[in-house]
$ cat my_file-v1.cif   # mmCIF, C-alpha atoms
data_final
loop_
_atom_site.label_atom_id
_atom_site.label_comp_id
_atom_site.auth_asym_id
_atom_site.auth_seq_id
_atom_site.Cartn_x
_atom_site.Cartn_y
_atom_site.Cartn_z
CA MET Y 251 -61.54 -117.95 -34.51
CA VAL Y 252 -58.86 -119.92 -36.40
CA LYS Y 253 -56.32 -117.83 -38.28
CA GLU Y 254 -55.14 -118.95 -41.74
CA VAL Y 255 -51.66 -117.47 -41.56
CA PHE Y 256 -48.08 -118.69 -41.86
CA ASN Y 257 -44.87 -117.76 -40.08
CA VAL Y 258 -46.69 -115.77 -37.44
CA ALA Y 259 -44.74 -114.62 -34.38
CA VAL Y 260 -46.52 -115.27 -31.09
CA VAL Y 261 -45.08 -113.40 -28.12
CA THR Y 262 -45.87 -114.54 -24.57
CA VAL Y 263 -45.24 -112.18 -21.67
CA ASP Y 264 -45.22 -113.21 -18.01
CA PHE Y 265 -46.88 -110.90 -15.51
CA ASP Y 266 -45.45 -110.92 -11.95
CA GLY Y 267 -41.80 -109.83 -12.00
CA THR Y 268 -41.88 -109.28 -15.76
CA LEU Y 269 -44.60 -106.96 -17.09
CA TYR Y 270 -45.32 -105.94 -13.50
CA GLN Y 271 -42.15 -105.52 -11.44
CA GLY Y 272 -43.70 -106.51 -8.16
CA ASN Y 273 -45.92 -109.13 -6.54
CA SER Y 274 -49.60 -108.90 -7.45
CA PHE Y 275 -50.53 -111.05 -4.47
CA LYS Y 276 -49.12 -108.45 -2.07
CA VAL Y 277 -51.08 -105.73 -3.86
CA MET Y 278 -54.22 -107.88 -3.56
CA PHE Y 279 -53.68 -107.81 0.20
CA GLN Y 280 -53.36 -104.04 0.18
CA VAL Y 281 -56.66 -103.64 -1.64
CA ALA Y 282 -58.32 -106.26 0.58
CA ARG Y 283 -57.26 -104.27 3.68
CA LYS Y 284 -59.40 -101.40 2.47
CA GLU Y 285 -62.40 -103.43 1.32
CA TYR Y 286 -62.63 -106.59 3.43
CA GLY Y 287 -64.68 -107.05 6.58
CA ILE Y 288 -64.31 -109.50 9.47
CA LYS Y 289 -66.01 -112.33 7.57
CA GLU Y 290 -63.54 -112.23 4.68
CA TRP Y 291 -60.51 -111.92 6.99
CA ILE Y 292 -61.60 -114.99 8.97
CA VAL Y 293 -61.52 -116.94 5.71
CA VAL Y 294 -58.11 -115.52 4.76
CA GLY Y 295 -56.70 -116.11 8.26
CA SER Y 296 -57.79 -119.75 8.42
CA GLY Y 297 -56.37 -120.23 4.93
CA LEU Y 298 -53.04 -118.81 6.03
CA LEU Y 299 -52.79 -121.32 8.88
CA ARG Y 300 -53.64 -124.19 6.53
CA SER Y 301 -51.09 -122.95 4.00
CA MET Y 302 -48.33 -122.70 6.60
CA PHE Y 303 -48.95 -126.32 7.57
CA VAL Y 304 -48.73 -127.39 3.91
CA GLY Y 305 -45.60 -125.30 3.41
CA VAL Y 306 -43.77 -127.01 6.27
CA PHE Y 307 -44.09 -130.39 4.56
CA LYS Y 308 -44.14 -129.46 0.86
CA GLY Y 309 -42.12 -126.27 0.59
CA LYS Y 310 -42.50 -122.63 -0.41
CA GLU Y 311 -44.19 -123.20 -3.76
CA ALA Y 312 -46.84 -125.44 -2.19
CA PHE Y 313 -47.43 -122.77 0.47
CA LYS Y 314 -48.03 -120.11 -2.20
CA HIS Y 315 -50.40 -122.27 -4.19
CA GLN Y 316 -52.38 -123.32 -1.12
CA PHE Y 317 -52.69 -119.74 0.08
CA PHE Y 318 -53.78 -118.62 -3.39
CA HIS Y 319 -56.67 -121.10 -3.22
CA SER Y 320 -57.43 -119.96 0.34
CA PHE Y 321 -57.57 -116.29 -0.62
CA VAL Y 322 -59.92 -117.05 -3.50
CA ARG Y 323 -62.32 -118.60 -0.98
CA SER Y 324 -62.83 -115.08 0.36
CA PHE Y 325 -64.50 -114.24 -2.98
CA LYS Y 326 -67.36 -116.63 -2.22
CA GLY Y 327 -70.75 -115.01 -2.80
CA LYS Y 328 -69.36 -112.04 -4.74
CA SER Y 329 -70.74 -111.24 -8.17
CA GLN Y 330 -68.75 -110.74 -11.34
CA GLU Y 331 -69.52 -107.01 -11.11
CA GLU Y 332 -68.24 -106.76 -7.53
CA LEU Y 333 -65.06 -108.62 -8.40
CA ALA Y 334 -64.57 -106.57 -11.56
CA SER Y 335 -64.55 -103.49 -9.33
CA PHE Y 336 -62.10 -105.17 -6.93
CA PHE Y 337 -59.69 -106.17 -9.72
CA GLY Y 338 -60.03 -102.79 -11.39
CA GLU Y 339 -58.85 -101.11 -8.19
CA LEU Y 340 -56.14 -103.73 -7.87
CA ALA Y 341 -54.88 -102.93 -11.38
CA ARG Y 342 -54.68 -99.22 -10.53
CA GLU Y 343 -53.04 -99.71 -7.14
CA ASP Y 344 -49.36 -99.80 -8.12
CA LEU Y 345 -48.91 -98.61 -11.71
CA GLY Y 346 -45.48 -97.23 -10.82
CA ARG Y 347 -44.16 -100.78 -11.01
CA VAL Y 348 -45.25 -101.36 -14.59
CA ASN Y 349 -42.26 -102.35 -16.75
CA ARG Y 350 -42.65 -99.48 -19.20
CA PRO Y 351 -39.69 -100.46 -21.44
CA LEU Y 352 -41.28 -103.90 -21.84
CA VAL Y 353 -44.65 -102.28 -22.66
CA GLU Y 354 -42.91 -100.39 -25.46
CA LYS Y 355 -41.25 -103.63 -26.61
CA ILE Y 356 -44.68 -105.28 -26.75
CA LYS Y 357 -46.00 -102.42 -28.89
CA GLN Y 358 -42.97 -102.85 -31.15
CA HIS Y 359 -43.82 -106.54 -31.58
CA GLN Y 360 -47.38 -105.56 -32.45
CA SER Y 361 -46.14 -103.09 -35.05
CA TYR Y 362 -44.47 -106.05 -36.77
CA GLY Y 363 -47.79 -107.90 -36.81
CA ASP Y 364 -46.90 -110.24 -33.94
CA ASP Y 365 -49.62 -111.62 -31.67
CA VAL Y 366 -49.04 -110.93 -27.97
CA VAL Y 367 -50.32 -113.08 -25.10
CA VAL Y 368 -49.94 -112.22 -21.41
CA LEU Y 369 -49.39 -115.70 -19.94
CA SER Y 370 -49.50 -115.82 -16.14
CA GLY Y 371 -50.63 -117.64 -13.03
CA ALA Y 372 -52.48 -114.50 -11.93
CA LEU Y 373 -56.28 -114.51 -12.03
CA MET Y 374 -57.84 -113.80 -15.41
CA PRO Y 375 -60.10 -110.92 -14.24
CA PHE Y 376 -57.04 -109.16 -12.85
CA LEU Y 377 -54.96 -109.68 -16.01
CA LYS Y 378 -57.76 -108.30 -18.18
CA ALA Y 379 -58.17 -105.27 -15.89
CA PHE Y 380 -54.43 -104.64 -15.83
CA VAL Y 381 -53.95 -104.86 -19.59
CA LYS Y 382 -56.83 -102.42 -20.04
CA GLU Y 383 -55.42 -100.06 -17.40
CA ILE Y 384 -52.00 -99.79 -19.07
CA GLU Y 385 -53.71 -99.31 -22.46
CA LEU Y 386 -52.33 -102.36 -24.22
CA GLU Y 387 -54.73 -103.09 -27.06
CA ASN Y 388 -55.32 -106.36 -28.92
CA VAL Y 389 -53.46 -108.40 -26.30
CA GLU Y 390 -54.73 -111.85 -25.35
CA THR Y 391 -54.62 -113.07 -21.74
CA ILE Y 392 -54.13 -116.59 -20.41
CA GLY Y 393 -54.30 -116.93 -16.65
CA THR Y 394 -55.82 -118.82 -13.77
CA GLN Y 395 -59.58 -119.00 -14.20
CA LEU Y 396 -61.88 -117.73 -11.47
CA VAL Y 397 -65.03 -119.87 -11.26
CA PHE Y 398 -68.52 -118.33 -11.53
CA ASP Y 399 -71.88 -120.09 -11.41
CA GLU Y 400 -74.71 -119.63 -13.91
CA ASP Y 401 -75.87 -116.52 -12.02
CA GLY Y 402 -72.44 -114.89 -12.22
CA ILE Y 403 -71.64 -115.53 -8.53
CA CYS Y 404 -68.24 -116.80 -7.45
CA PRO Y 405 -68.35 -119.94 -5.24
CA GLY Y 406 -64.85 -119.20 -3.96
CA LYS Y 407 -63.11 -121.55 -6.35
CA MET Y 408 -60.61 -121.26 -9.16
CA GLY Y 409 -59.13 -123.45 -11.86
CA ARG Y 410 -55.66 -124.91 -12.07
CA ILE Y 411 -52.90 -122.38 -11.47
CA VAL Y 412 -51.14 -121.52 -14.74
CA ASN Y 413 -47.56 -122.01 -13.62
CA GLY Y 414 -44.54 -124.05 -14.74
CA GLU Y 415 -45.48 -126.85 -17.16
CA GLU Y 416 -49.10 -125.64 -17.10
CA LYS Y 417 -47.99 -122.54 -19.01
CA VAL Y 418 -46.69 -124.79 -21.76
CA ASN Y 419 -49.96 -126.76 -21.77
CA GLN Y 420 -52.06 -123.60 -21.94
CA LEU Y 421 -49.95 -122.13 -24.72
CA HIS Y 422 -50.28 -125.31 -26.81
CA LYS Y 423 -54.03 -125.25 -26.24
CA TRP Y 424 -54.27 -121.59 -27.22
CA LEU Y 425 -52.23 -122.12 -30.40
CA LYS Y 426 -54.47 -124.99 -31.49
CA GLN Y 427 -57.54 -122.83 -30.94
CA HIS Y 428 -56.21 -119.85 -32.86
CA TYR Y 429 -54.15 -121.31 -35.69
CA LYS Y 430 -54.54 -124.08 -38.20
CA GLU Y 431 -52.08 -126.94 -37.79
CA GLN Y 432 -50.20 -126.05 -40.97
CA ALA Y 433 -49.35 -122.60 -39.63
CA THR Y 434 -45.80 -122.24 -38.39
CA GLU Y 435 -45.42 -119.92 -35.43
CA THR Y 436 -42.21 -118.30 -34.26
CA LEU Y 437 -42.51 -118.24 -30.49
CA TYR Y 438 -41.08 -115.62 -28.14
CA ALA Y 439 -41.32 -115.68 -24.35
CA TYR Y 440 -40.49 -112.91 -21.86
CA ALA Y 441 -40.31 -114.24 -18.28
CA ASP Y 442 -38.39 -113.77 -15.05
CA SER Y 443 -38.40 -116.90 -12.86
CA GLU Y 444 -37.09 -120.45 -12.75
CA SER Y 445 -40.66 -121.77 -12.84
CA ASP Y 446 -40.83 -120.36 -16.38
CA ALA Y 447 -37.93 -122.55 -17.55
CA PRO Y 448 -40.21 -125.11 -19.32
CA LEU Y 449 -41.75 -122.30 -21.36
CA LEU Y 450 -38.40 -120.67 -22.11
CA ASP Y 451 -37.02 -124.05 -23.21
CA LEU Y 452 -39.97 -124.48 -25.58
CA VAL Y 453 -39.87 -121.23 -27.52
CA ASP Y 454 -37.62 -120.10 -30.36
CA HIS Y 455 -36.68 -116.85 -28.67
CA PRO Y 456 -36.51 -116.99 -24.85
CA ILE Y 457 -35.87 -113.63 -23.17
CA VAL Y 458 -35.25 -113.33 -19.43
CA VAL Y 459 -36.53 -110.18 -17.70
CA ASN Y 460 -35.30 -108.82 -14.36
CA PRO Y 461 -33.66 -112.09 -13.26
CA GLY Y 462 -32.72 -112.81 -9.67
CA GLU Y 463 -29.37 -114.40 -8.90
CA ARG Y 464 -30.47 -117.99 -9.55
CA MET Y 465 -32.35 -117.10 -12.71
CA GLN Y 466 -29.37 -115.09 -13.97
CA LYS Y 467 -27.18 -118.15 -13.46
CA LEU Y 468 -29.67 -120.31 -15.39
CA ALA Y 469 -29.87 -117.74 -18.18
CA THR Y 470 -26.08 -117.73 -18.46
CA GLN Y 471 -25.94 -121.54 -18.56
CA LYS Y 472 -28.57 -121.70 -21.32
CA SER Y 473 -27.38 -118.59 -23.20
CA TRP Y 474 -30.75 -116.91 -22.79
CA PRO Y 475 -30.60 -113.14 -23.48
CA VAL Y 476 -31.66 -110.76 -20.72
CA PHE Y 477 -33.99 -107.83 -21.37
#
$ encode --input "my_file-v1.cif" --output "structure tokens"
Amino acid sequence: MVKEVFNVAVVTVDFDGTLYQGNSFKVMFQVARKEYGIKEWIVVGSGLLRSMFVGVFKGKEAFKHQFFHSFVRSFKGKSQEELASFFGELAREDLGRVNRPLVEKIKQHQSYGDDVVVLSGALMPFLKAFVKEIELENVETIGTQLVFDEDGICPGKMGRIVNGEEKVNQLHKWLKQHYKEQATETLYAYADSESDAPLLDLVDHPIVVNPGERMQKLATQKSWPVF
């Protein structure tokens, strides 16, 4: 639905390290330990070996992306209902790491009439489950798509990882879908890592959350405020 509004504030919020002060991939492993059988772990194990090989030649980021794809292969043959249950448990696994002050900040934005979008490389079913679990209402989610066939079965594939420049691409796409071209949006972004720099450079109000040493240095250089 296209909105006929002007001067709307759109607030994007990163997930890992920002809204969730941890690593969702590690939590996915914890849940998988309880639910996976030998068949799934063979897939994950072979993917780990492949990812390590890629990482040696292309670096840490390439390792993470390759392993992400490999882990998703373990979803092959699972239905949307089965995976909804998996991601629901995943969302409930480590709620102690939710950034509660940021949740309150999001609600404050909403009280001003701002639109909020959780924009992350995490899988969409997980983002939707997590937002529901922490009782954030009327929040959009943009994440990495998990593929399902016409029968609602996952073939073990996913779309392009929403990271770095892809976050900028996805945000532009979302804005075009939701607002008419004459609408002028004020853009905010809450994010924690250097890979989010293209997004933070784009928006009117970049806010750095829980920065590590290198991100803190970048924030200082660019005069980005820290939440």
$ closest_residue --input "my_file-v1.cif" --among "Y:Phe317, Y:Phe265, Y:Phe336, Y:Phe477" --to "Met278 of chain Y" --atoms "only C-alpha atoms"
Y:Phe336
$ atom_distance --input "my_file-v1.cif" --atom1 "atom CA of Ala379 of chain Y" --atom2 "atom CA of Gln358 of chain Y"
21.7 Å
$ residues_around --input "my_file-v1.cif" --residues "Leu468 of chain Y" --least-positions-apart "5" --cutoff "10 Å" --atoms "only C-alpha atoms" --output "mmCIF file with C-alpha atoms, in the frame of the given file"
data_model
loop_
_atom_site.group_PDB
_atom_site.id
_atom_site.type_symbol
_atom_site.label_atom_id
_atom_site.label_comp_id
_atom_site.auth_asym_id
_atom_site.auth_seq_id
_atom_site.Cartn_x
_atom_site.Cartn_y
_atom_site.Cartn_z
ATOM 1 C CA SER Y 443 -38.400 -116.900 -12.860
ATOM 2 C CA GLU Y 444 -37.090 -120.450 -12.750
ATOM 3 C CA ALA Y 447 -37.930 -122.550 -17.550
ATOM 4 C CA VAL Y 458 -35.250 -113.330 -19.430
ATOM 5 C CA PRO Y 461 -33.660 -112.090 -13.260
ATOM 6 C CA GLY Y 462 -32.720 -112.810 -9.670
ATOM 7 C CA GLU Y 463 -29.370 -114.400 -8.900
ATOM 8 C CA SER Y 473 -27.380 -118.590 -23.200
ATOM 9 C CA TRP Y 474 -30.750 -116.910 -22.790
#
$ atom_distance --input "my_file-v1.cif" --atom1 "atom CA of Val389 of chain Y" --atom2 "atom CA of Gly272 of chain Y"
20.7 Å
$ atom_distance --input "my_file-v1.cif" --atom1 "atom CA of Arg410 of chain Y" --atom2 "atom CA of Met465 of chain Y"
24.6 Å
$ resolve_selection --input "my_file-v1.cif" --expression "the PyMOL selection byres ((chain Y and resi 323) around 10)" --output "number ranges by chain"
Y: 290, 293-294, 297, 317-322, 324-327, 404-408
